[in-house]
$ cat input-v7.tsv   # TSV, C-alpha atoms
chain	number	residue	atom	x	y	z
A	1	MET	CA	0.00	0.00	0.00
A	2	LEU	CA	1.41	3.37	-1.04
A	3	ASP	CA	1.80	5.93	1.73
A	4	SER	CA	0.93	9.62	1.34
A	5	ILE	CA	4.57	10.72	0.94
A	6	THR	CA	5.14	8.28	-1.94
A	7	ILE	CA	2.00	9.46	-3.71
A	8	PHE	CA	3.03	13.08	-3.15
A	9	LEU	CA	6.52	12.45	-4.58
A	10	ALA	CA	5.06	10.71	-7.64
A	11	GLY	CA	2.71	13.62	-8.27
A	12	VAL	CA	5.50	16.19	-7.88
A	13	PHE	CA	7.85	14.51	-10.35
A	14	LEU	CA	5.11	13.69	-12.87
A	15	LEU	CA	4.11	17.36	-12.94
A	16	ALA	CA	7.72	18.58	-13.00
A	17	GLY	CA	8.60	16.17	-15.82
A	18	LEU	CA	5.58	17.30	-17.84
A	19	VAL	CA	6.56	20.96	-17.51
A	20	LYS	CA	10.17	20.17	-18.45
A	21	GLY	CA	9.05	18.22	-21.50
A	22	VAL	CA	7.02	21.19	-22.78
A	23	ILE	CA	9.34	24.16	-22.10
A	24	GLY	CA	12.71	22.48	-21.47
A	25	LEU	CA	13.06	23.45	-17.80
A	26	GLY	CA	11.20	23.58	-14.51
A	27	LEU	CA	11.92	20.17	-12.98
A	28	PRO	CA	14.34	21.36	-10.25
A	29	THR	CA	12.36	24.55	-9.61
A	30	LEU	CA	9.01	22.83	-9.14
A	31	SER	CA	10.47	19.83	-7.35
A	32	MET	CA	12.54	21.83	-4.86
A	33	GLY	CA	9.64	24.14	-4.13
A	34	LEU	CA	7.11	21.37	-3.53
A	35	LEU	CA	9.46	18.95	-1.76
A	36	SER	CA	10.43	21.69	0.69
A	37	LEU	CA	6.90	21.31	2.10
A	38	VAL	CA	7.80	17.89	3.51
A	39	MET	CA	11.62	17.80	3.86
A	40	ARG	CA	14.79	19.87	4.27
A	41	PRO	CA	16.31	21.51	1.14
A	42	ALA	CA	19.43	19.32	1.25
A	43	GLU	CA	17.31	16.14	1.35
A	44	ALA	CA	15.14	17.43	-1.49
A	45	ALA	CA	18.25	18.19	-3.56
A	46	ALA	CA	19.59	14.67	-2.93
A	47	ILE	CA	16.35	13.10	-4.22
A	48	LEU	CA	16.34	15.50	-7.16
A	49	ILE	CA	19.80	14.56	-8.47
A	50	ALA	CA	18.85	11.32	-10.28
A	51	PRO	CA	15.61	12.52	-11.97
A	52	ALA	CA	17.27	15.80	-12.96
A	53	LEU	CA	20.37	14.10	-14.37
A	54	ILE	CA	18.50	11.49	-16.43
A	55	THR	CA	15.93	13.91	-17.85
A	56	ASN	CA	18.61	16.51	-18.62
A	57	LEU	CA	20.80	13.94	-20.39
A	58	TRP	CA	17.77	12.84	-22.39
A	59	GLN	CA	16.97	16.44	-23.33
A	60	MET	CA	20.61	17.14	-24.23
A	61	LEU	CA	20.95	14.07	-26.47
A	62	MET	CA	17.60	14.49	-28.24
A	63	GLY	CA	18.75	17.40	-30.43
A	64	ARG	CA	20.75	17.21	-33.63
A	65	HIS	CA	23.47	19.78	-33.01
A	66	LEU	CA	25.06	18.79	-29.71
A	67	ALA	CA	28.66	19.25	-30.92
A	68	SER	CA	28.08	22.82	-32.09
A	69	VAL	CA	26.13	23.66	-28.91
A	70	VAL	CA	29.00	22.33	-26.75
A	71	ARG	CA	31.58	24.30	-28.75
A	72	ARG	CA	29.62	27.48	-28.16
A	73	LEU	CA	28.79	26.95	-24.51
A	74	TRP	CA	31.93	25.38	-23.01
A	75	PRO	CA	32.97	28.64	-21.25
A	76	VAL	CA	29.56	28.75	-19.55
A	77	MET	CA	29.87	25.14	-18.44
A	78	LEU	CA	33.30	25.72	-16.87
A	79	GLY	CA	31.83	28.64	-14.94
A	80	VAL	CA	28.88	26.52	-13.76
A	81	ILE	CA	31.20	23.83	-12.37
A	82	GLY	CA	33.44	26.36	-10.63
A	83	GLY	CA	30.56	28.36	-9.16
A	84	THR	CA	28.71	25.31	-7.86
A	85	LEU	CA	31.75	23.77	-6.20
A	86	TRP	CA	32.76	27.13	-4.75
A	87	GLY	CA	29.35	27.46	-3.12
A	88	ALA	CA	29.21	23.82	-1.99
A	89	ASP	CA	28.20	24.66	1.59
A	90	TRP	CA	25.50	27.16	0.66
A	91	LEU	CA	22.64	24.65	0.33
A	92	ILE	CA	23.19	23.74	3.98
A	93	THR	CA	24.11	27.12	5.49
A	94	ALA	CA	22.38	29.69	3.26
A	95	ASP	CA	18.98	31.20	4.03
A	96	ALA	CA	16.93	29.04	1.65
A	97	ARG	CA	13.81	31.19	2.08
A	98	LEU	CA	15.62	34.40	1.06
A	99	GLY	CA	17.40	32.70	-1.84
A	100	LYS	CA	14.21	31.23	-3.30
A	101	THR	CA	12.31	34.50	-2.85
A	102	LEU	CA	14.95	36.45	-4.78
A	103	LEU	CA	15.08	33.74	-7.43
A	104	GLY	CA	11.29	33.83	-7.80
A	105	ILE	CA	11.25	37.61	-8.17
A	106	THR	CA	14.04	37.45	-10.77
A	107	LEU	CA	12.22	34.78	-12.76
A	108	THR	CA	9.01	36.81	-12.67
A	109	ILE	CA	10.75	39.95	-13.98
A	110	TYR	CA	12.45	37.96	-16.75
A	111	ALA	CA	9.18	36.29	-17.78
A	112	LEU	CA	7.38	39.65	-17.91
A	113	SER	CA	10.17	41.08	-20.07
A	114	GLY	CA	9.61	38.17	-22.45
A	115	PHE	CA	5.88	38.84	-22.64
A	116	PHE	CA	6.57	42.46	-23.53
A	117	ALA	CA	9.11	41.33	-26.15
A	118	VAL	CA	12.13	43.06	-24.59
A	119	PRO	CA	14.89	42.00	-27.02
A	120	LEU	CA	17.80	39.95	-25.72
A	121	SER	CA	20.84	39.65	-27.95
A	122	LEU	CA	24.56	39.18	-27.46
A	123	GLN	CA	27.49	39.91	-29.73
A	124	PRO	CA	29.52	36.71	-30.33
A	125	ARG	CA	32.81	38.39	-29.32
A	126	LYS	CA	31.43	38.92	-25.80
A	127	GLU	CA	30.60	35.25	-25.23
A	128	ILE	CA	34.16	34.19	-24.36
A	129	TRP	CA	34.33	36.43	-21.25
A	130	LEU	CA	30.64	36.81	-20.37
A	131	GLY	CA	29.94	33.07	-20.60
A	132	PRO	CA	32.14	32.06	-17.63
A	133	LEU	CA	30.67	34.87	-15.50
A	134	VAL	CA	27.11	33.77	-16.27
A	135	GLY	CA	28.06	30.15	-15.59
A	136	ALA	CA	29.69	31.00	-12.25
A	137	ALA	CA	26.66	33.03	-11.16
A	138	THR	CA	24.35	30.16	-12.17
A	139	GLY	CA	26.50	27.71	-10.22
A	140	LEU	CA	26.47	29.84	-7.07
A	141	ILE	CA	22.68	30.25	-7.25
A	142	SER	CA	22.17	26.52	-7.82
A	143	ALA	CA	24.46	25.76	-4.87
A	144	ALA	CA	22.29	27.98	-2.66
A	145	THR	CA	18.85	26.97	-3.96
A	146	GLY	CA	19.17	23.68	-5.88
A	147	VAL	CA	17.72	25.45	-8.96
A	148	PHE	CA	19.77	25.92	-12.16
A	149	VAL	CA	17.70	28.48	-14.07
A	150	MET	CA	19.19	31.95	-13.54
A	151	PRO	CA	21.00	33.67	-15.14
A	152	ALA	CA	21.75	30.85	-17.59
A	153	VAL	CA	18.32	30.83	-19.28
A	154	PRO	CA	18.22	34.50	-20.41
A	155	TYR	CA	21.85	34.21	-21.50
A	156	LEU	CA	21.05	31.19	-23.68
A	157	GLN	CA	18.01	32.98	-25.08
A	158	ALA	CA	20.22	35.95	-26.04
A	159	LEU	CA	22.38	33.65	-28.18
A	160	GLY	CA	19.57	33.31	-30.75
A	161	PHE	CA	19.20	29.52	-30.87
A	162	SER	CA	16.31	27.94	-32.75
A	163	LYS	CA	13.53	26.39	-30.64
A	164	GLU	CA	14.96	22.86	-30.63
A	165	ASP	CA	18.60	23.99	-30.29
A	166	PHE	CA	17.57	26.22	-27.39
A	167	VAL	CA	15.96	23.25	-25.62
A	168	GLN	CA	19.09	21.17	-26.29
A	169	ALA	CA	21.31	23.97	-24.93
A	170	LEU	CA	19.17	24.04	-21.79
A	171	GLY	CA	19.64	20.27	-21.48
A	172	LEU	CA	23.43	20.65	-21.70
A	173	SER	CA	23.50	23.47	-19.16
A	174	PHE	CA	21.25	21.63	-16.71
A	175	THR	CA	23.18	18.35	-17.10
A	176	VAL	CA	26.44	20.03	-16.15
A	177	SER	CA	24.71	21.90	-13.31
A	178	THR	CA	23.22	18.66	-11.95
A	179	LEU	CA	26.58	16.85	-12.02
A	180	ALA	CA	28.28	19.80	-10.34
A	181	LEU	CA	25.56	19.94	-7.65
A	182	ALA	CA	25.97	16.20	-7.04
A	183	LEU	CA	29.71	16.71	-6.54
A	184	ALA	CA	29.02	19.63	-4.23
A	185	LEU	CA	26.59	17.58	-2.13
A	186	ALA	CA	29.02	14.66	-2.02
A	187	SER	CA	31.88	16.94	-0.93
A	188	THR	CA	29.82	18.11	2.07
A	189	SER	CA	28.60	14.57	2.89
A	190	THR	CA	25.02	15.70	2.18
A	191	LEU	CA	24.30	13.24	-0.63
A	192	ASN	CA	22.20	10.60	1.11
A	193	TRP	CA	22.74	7.30	-0.73
A	194	SER	CA	19.95	5.63	1.28
A	195	LEU	CA	17.52	7.64	-0.87
A	196	GLY	CA	18.60	5.62	-3.93
A	197	PRO	CA	15.47	3.43	-4.27
A	198	MET	CA	13.25	6.49	-3.91
A	199	ALA	CA	15.32	8.32	-6.56
A	200	ILE	CA	14.85	5.44	-9.03
A	201	GLY	CA	11.07	5.64	-8.66
A	202	THR	CA	10.95	9.43	-9.00
A	203	THR	CA	13.21	9.24	-12.07
A	204	ALA	CA	10.81	6.84	-13.80
A	205	VAL	CA	7.83	9.08	-13.05
A	206	ALA	CA	9.70	12.21	-14.18
A	207	CYS	CA	10.65	10.52	-17.48
A	208	LEU	CA	7.01	9.59	-18.08
A	209	GLY	CA	5.97	13.19	-17.49
A	210	MET	CA	8.74	14.48	-19.75
A	211	LEU	CA	7.72	12.13	-22.56
A	212	LEU	CA	4.16	13.45	-22.40
A	213	GLY	CA	5.47	17.01	-22.38
A	214	GLN	CA	7.65	16.43	-25.45
A	215	VAL	CA	4.62	15.20	-27.38
A	216	VAL	CA	2.92	18.48	-26.53
A	217	ARG	CA	5.98	20.58	-27.51
A	218	GLN	CA	6.31	18.95	-30.93
A	219	ARG	CA	2.82	20.17	-31.77
A	220	LEU	CA	3.65	23.79	-30.89
A	221	THR	CA	4.67	26.51	-33.34
A	222	THR	CA	7.67	28.70	-32.40
A	223	GLN	CA	5.31	31.53	-31.42
A	224	LYS	CA	3.19	29.30	-29.16
A	225	PHE	CA	6.30	27.73	-27.68
A	226	ARG	CA	7.65	31.19	-26.82
A	227	LEU	CA	4.33	32.15	-25.19
A	228	ILE	CA	4.14	28.93	-23.14
A	229	PHE	CA	7.83	29.18	-22.24
A	230	PHE	CA	7.47	32.63	-20.68
A	231	LEU	CA	4.12	31.74	-19.10
A	232	GLY	CA	5.80	28.73	-17.50
A	233	LEU	CA	8.65	30.91	-16.21
A	234	LEU	CA	6.16	33.44	-14.85
A	235	MET	CA	4.24	30.75	-12.98
A	236	LEU	CA	7.48	29.28	-11.60
A	237	GLY	CA	8.67	32.70	-10.48
A	238	VAL	CA	5.41	33.67	-8.81
A	239	TYR	CA	5.18	30.24	-7.18
A	240	LEU	CA	8.70	30.44	-5.72
A	241	ALA	CA	8.30	33.98	-4.44
A	242	ALA	CA	4.78	33.50	-3.04
A	243	HIS	CA	5.58	30.12	-1.48
A	244	THR	CA	8.58	31.39	0.44
A	245	ILE	CA	6.97	34.70	1.44
A	246	LEU	CA	3.71	33.14	2.63

$ encode --input "input-v7.tsv" --output "structure tokens"
Amino acid sequence: MLDSITIFLAGVFLLAGLVKGVIGLGLPTLSMGLLSLVMRPAEAAAILIAPALITNLWQMLMGRHLASVVRRLWPVMLGVIGGTLWGADWLITADARLGKTLLGITLTIYALSGFFAVPLSLQPRKEIWLGPLVGAATGLISAATGVFVMPAVPYLQALGFSKEDFVQALGLSFTVSTLALALALASTSTLNWSLGPMAIGTTAVACLGMLLGQVVRQRLTTQKFRLIFFLGLLMLGVYLAAHTIL
């Protein structure tokens, strides 16, 4: 007989996987926010590692231009690794409520800028020095909150990828972020290996949700995808901010 916690976990990762399948992100944000209702942030992050890693690898490998995406984004990825490991203790010692509130407000502002079509563009010659800075900032924020979204997502959007390449770039960024967070948790002895069986179950449910979400995304035009993408970010941002404030 399934207990209430197991049912709750299944529902969380099915929903998070569905959102990720449609817009390419949202699994860590939704999962960390909802799991924090029933457990400590470090425990939630430990459960999140396996579902996040598998779904991000899947998303990264689904596209057709992985080599070119990696060549363009390697400075960002180095920054992500460095920033996450540098902030390894933050998930345990940082004020999780403050961090998630600020992250939610930032996501909300970014989503609203997308709705109002504020242009984001970046000259290629700036990528080599700005990329590592964006990656390091993303790593520090993920070390403090367990969420890999900011400021990597607006940076990737500014690079002008097509819809599918953008989703693949997100997959690459989130895969590296997840691996770096796992190393950070392991280095602080926070990675609880006893949660392994639970992580396997949540991974399967998250993959099911992601598969359903991908079916939905393939039926979307670029314009509808953009609308749903920013709507999803807005909902995530408002949810994070409101949840931590209230």

$ residues_around --input "input-v7.tsv" --residues "segment 53-65 of chain A" --least-positions-apart "4" --cutoff "6 Å" --atoms "all atoms listed in the file" --output "list in words"
Ile49, Gln168, Gly171, Leu172, Thr175 and Thr178 of chain A

$ closest_residue --input "input-v7.tsv" --among "A:Gly82, A:Gly201, A:Gly11, A:Gly104" --to "Val149 of chain A" --atoms "only C-alpha atoms"
A:Gly104

$ closest_atom_pairs --input "input-v7.tsv" --of "segment 120-154 of chain A" --to "segment 75-80 of chain A" --cutoff "10 Å" --atoms "all atoms listed in the file" --output "JSON lines"
{"residue": "A:Glu127", "atom": "CA", "partner": "A:Pro75", "partner_atom": "CA", "distance": 8.1}
{"residue": "A:Ile128", "atom": "CA", "partner": "A:Pro75", "partner_atom": "CA", "distance": 6.5}
{"residue": "A:Trp129", "atom": "CA", "partner": "A:Pro75", "partner_atom": "CA", "distance": 7.9}
{"residue": "A:Leu130", "atom": "CA", "partner": "A:Val76", "partner_atom": "CA", "distance": 8.2}
{"residue": "A:Gly131", "atom": "CA", "partner": "A:Val76", "partner_atom": "CA", "distance": 4.5}
{"residue": "A:Pro132", "atom": "CA", "partner": "A:Gly79", "partner_atom": "CA", "distance": 4.4}
{"residue": "A:Leu133", "atom": "CA", "partner": "A:Gly79", "partner_atom": "CA", "distance": 6.4}
{"residue": "A:Val134", "atom": "CA", "partner": "A:Val76", "partner_atom": "CA", "distance": 6.5}
{"residue": "A:Gly135", "atom": "CA", "partner": "A:Gly79", "partner_atom": "CA", "distance": 4.1}
{"residue": "A:Ala136", "atom": "CA", "partner": "A:Gly79", "partner_atom": "CA", "distance": 4.2}
{"residue": "A:Ala137", "atom": "CA", "partner": "A:Val80", "partner_atom": "CA", "distance": 7.4}
{"residue": "A:Thr138", "atom": "CA", "partner": "A:Val80", "partner_atom": "CA", "distance": 6.0}
{"residue": "A:Gly139", "atom": "CA", "partner": "A:Val80", "partner_atom": "CA", "distance": 4.4}
{"residue": "A:Leu140", "atom": "CA", "partner": "A:Val80", "partner_atom": "CA", "distance": 7.8}
{"residue": "A:Ile141", "atom": "CA", "partner": "A:Val80", "partner_atom": "CA", "distance": 9.7}
{"residue": "A:Ser142", "atom": "CA", "partner": "A:Val80", "partner_atom": "CA", "distance": 9.0}
{"residue": "A:Ala143", "atom": "CA", "partner": "A:Val80", "partner_atom": "CA", "distance": 10.0}
{"residue": "A:Phe148", "atom": "CA", "partner": "A:Val80", "partner_atom": "CA", "distance": 9.3}
{"residue": "A:Ala152", "atom": "CA", "partner": "A:Val76", "partner_atom": "CA", "distance": 8.3}

$ closest_residue --input "input-v7.tsv" --among "A:Val147, A:Ile200, A:Leu170, A:Tyr239" --to "Thr29 of chain A" --atoms "only C-alpha atoms"
A:Val147

$ atom_distance --input "input-v7.tsv" --atom1 "atom CA of Gly24 of chain A" --atom2 "atom CA of Ala242 of chain A"
22.9 Å

$ axis_aligned_box --input "input-v7.tsv" --around "segment 197-201 of chain A" --padding-each-side "5 Å" --output "lines of an AutoDock Vina configuration file"
center_x = 13.3
center_y = 5.9
center_z = -6.5
size_x = 14.4
size_y = 14.9
size_z = 15.1

$ residues_around --input "input-v7.tsv" --residues "Gly26 of chain A" --least-positions-apart "3" --cutoff "9 Å" --atoms "only C-alpha atoms" --output "PDB file with C-alpha atoms, keeping the file's coordinate frame"
ATOM      1  CA  ALA A  16       7.720  18.580 -13.000  1.00  0.00           C
ATOM      2  CA  GLY A  17       8.600  16.170 -15.820  1.00  0.00           C
ATOM      3  CA  VAL A  19       6.560  20.960 -17.510  1.00  0.00           C
ATOM      4  CA  LYS A  20      10.170  20.170 -18.450  1.00  0.00           C
ATOM      5  CA  ILE A  23       9.340  24.160 -22.100  1.00  0.00           C
ATOM      6  CA  THR A  29      12.360  24.550  -9.610  1.00  0.00           C
ATOM      7  CA  LEU A  30       9.010  22.830  -9.140  1.00  0.00           C
ATOM      8  CA  SER A  31      10.470  19.830  -7.350  1.00  0.00           C
ATOM      9  CA  VAL A 147      17.720  25.450  -8.960  1.00  0.00           C
ATOM     10  CA  VAL A 149      17.700  28.480 -14.070  1.00  0.00           C
ATOM     11  CA  GLY A 232       5.800  28.730 -17.500  1.00  0.00           C
ATOM     12  CA  LEU A 233       8.650  30.910 -16.210  1.00  0.00           C
ATOM     13  CA  LEU A 236       7.480  29.280 -11.600  1.00  0.00           C
TER      14      LEU A 236
END

$ decode --input "input-v7.tsv" --residues "segment 118-133 of chain A" --atoms "N, CA and C atoms" --output "PDB file, in the first residue's frame"
ATOM      1  N   VAL A 118      10.870  42.330 -24.779  1.00  0.00           N
ATOM      2  CA  VAL A 118      12.126  43.056 -24.591  1.00  0.00           C
ATOM      3  C   VAL A 118      13.232  42.239 -25.259  1.00  0.00           C
ATOM      4  N   PRO A 119      13.929  42.799 -26.257  1.00  0.00           N
ATOM      5  CA  PRO A 119      14.893  41.998 -27.017  1.00  0.00           C
ATOM      6  C   PRO A 119      16.125  41.639 -26.194  1.00  0.00           C
ATOM      7  N   LEU A 120      16.569  40.402 -26.334  1.00  0.00           N
ATOM      8  CA  LEU A 120      17.803  39.952 -25.721  1.00  0.00           C
ATOM      9  C   LEU A 120      18.726  39.455 -26.820  1.00  0.00           C
ATOM     10  N   SER A 121      19.877  40.077 -26.936  1.00  0.00           N
ATOM     11  CA  SER A 121      20.843  39.650 -27.949  1.00  0.00           C
ATOM     12  C   SER A 121      22.245  39.877 -27.409  1.00  0.00           C
ATOM     13  N   LEU A 122      23.183  39.118 -27.945  1.00  0.00           N
ATOM     14  CA  LEU A 122      24.556  39.183 -27.461  1.00  0.00           C
ATOM     15  C   LEU A 122      25.509  39.069 -28.634  1.00  0.00           C
ATOM     16  N   GLN A 123      26.475  39.970 -28.683  1.00  0.00           N
ATOM     17  CA  GLN A 123      27.487  39.907 -29.733  1.00  0.00           C
ATOM     18  C   GLN A 123      28.413  38.725 -29.479  1.00  0.00           C
ATOM     19  N   PRO A 124      28.702  37.922 -30.522  1.00  0.00           N
ATOM     20  CA  PRO A 124      29.524  36.713 -30.333  1.00  0.00           C
ATOM     21  C   PRO A 124      30.862  36.970 -29.656  1.00  0.00           C
ATOM     22  N   ARG A 125      31.486  38.128 -29.910  1.00  0.00           N
ATOM     23  CA  ARG A 125      32.812  38.387 -29.324  1.00  0.00           C
ATOM     24  C   ARG A 125      32.757  38.541 -27.802  1.00  0.00           C
ATOM     25  N   LYS A 126      31.571  38.757 -27.247  1.00  0.00           N
ATOM     26  CA  LYS A 126      31.428  38.920 -25.800  1.00  0.00           C
ATOM     27  C   LYS A 126      31.217  37.587 -25.084  1.00  0.00           C
ATOM     28  N   GLU A 127      30.930  36.533 -25.854  1.00  0.00           N
ATOM     29  CA  GLU A 127      30.600  35.247 -25.235  1.00  0.00           C
ATOM     30  C   GLU A 127      31.773  34.661 -24.455  1.00  0.00           C
ATOM     31  N   ILE A 128      32.999  34.852 -24.944  1.00  0.00           N
ATOM     32  CA  ILE A 128      34.157  34.186 -24.358  1.00  0.00           C
ATOM     33  C   ILE A 128      34.436  34.670 -22.934  1.00  0.00           C
ATOM     34  N   TRP A 129      34.110  35.943 -22.620  1.00  0.00           N
ATOM     35  CA  TRP A 129      34.330  36.431 -21.252  1.00  0.00           C
ATOM     36  C   TRP A 129      33.039  36.491 -20.435  1.00  0.00           C
ATOM     37  N   LEU A 130      31.896  36.742 -21.104  1.00  0.00           N
ATOM     38  CA  LEU A 130      30.637  36.809 -20.366  1.00  0.00           C
ATOM     39  C   LEU A 130      30.137  35.415 -19.992  1.00  0.00           C
ATOM     40  N   GLY A 131      30.394  34.427 -20.854  1.00  0.00           N
ATOM     41  CA  GLY A 131      29.935  33.065 -20.601  1.00  0.00           C
ATOM     42  C   GLY A 131      30.387  32.509 -19.258  1.00  0.00           C
ATOM     43  N   PRO A 132      31.702  32.574 -18.933  1.00  0.00           N
ATOM     44  CA  PRO A 132      32.140  32.056 -17.634  1.00  0.00           C
ATOM     45  C   PRO A 132      31.519  32.790 -16.447  1.00  0.00           C
ATOM     46  N   LEU A 133      31.287  34.107 -16.587  1.00  0.00           N
ATOM     47  CA  LEU A 133      30.672  34.871 -15.501  1.00  0.00           C
ATOM     48  C   LEU A 133      29.227  34.423 -15.275  1.00  0.00           C
TER      49      LEU A 133
END
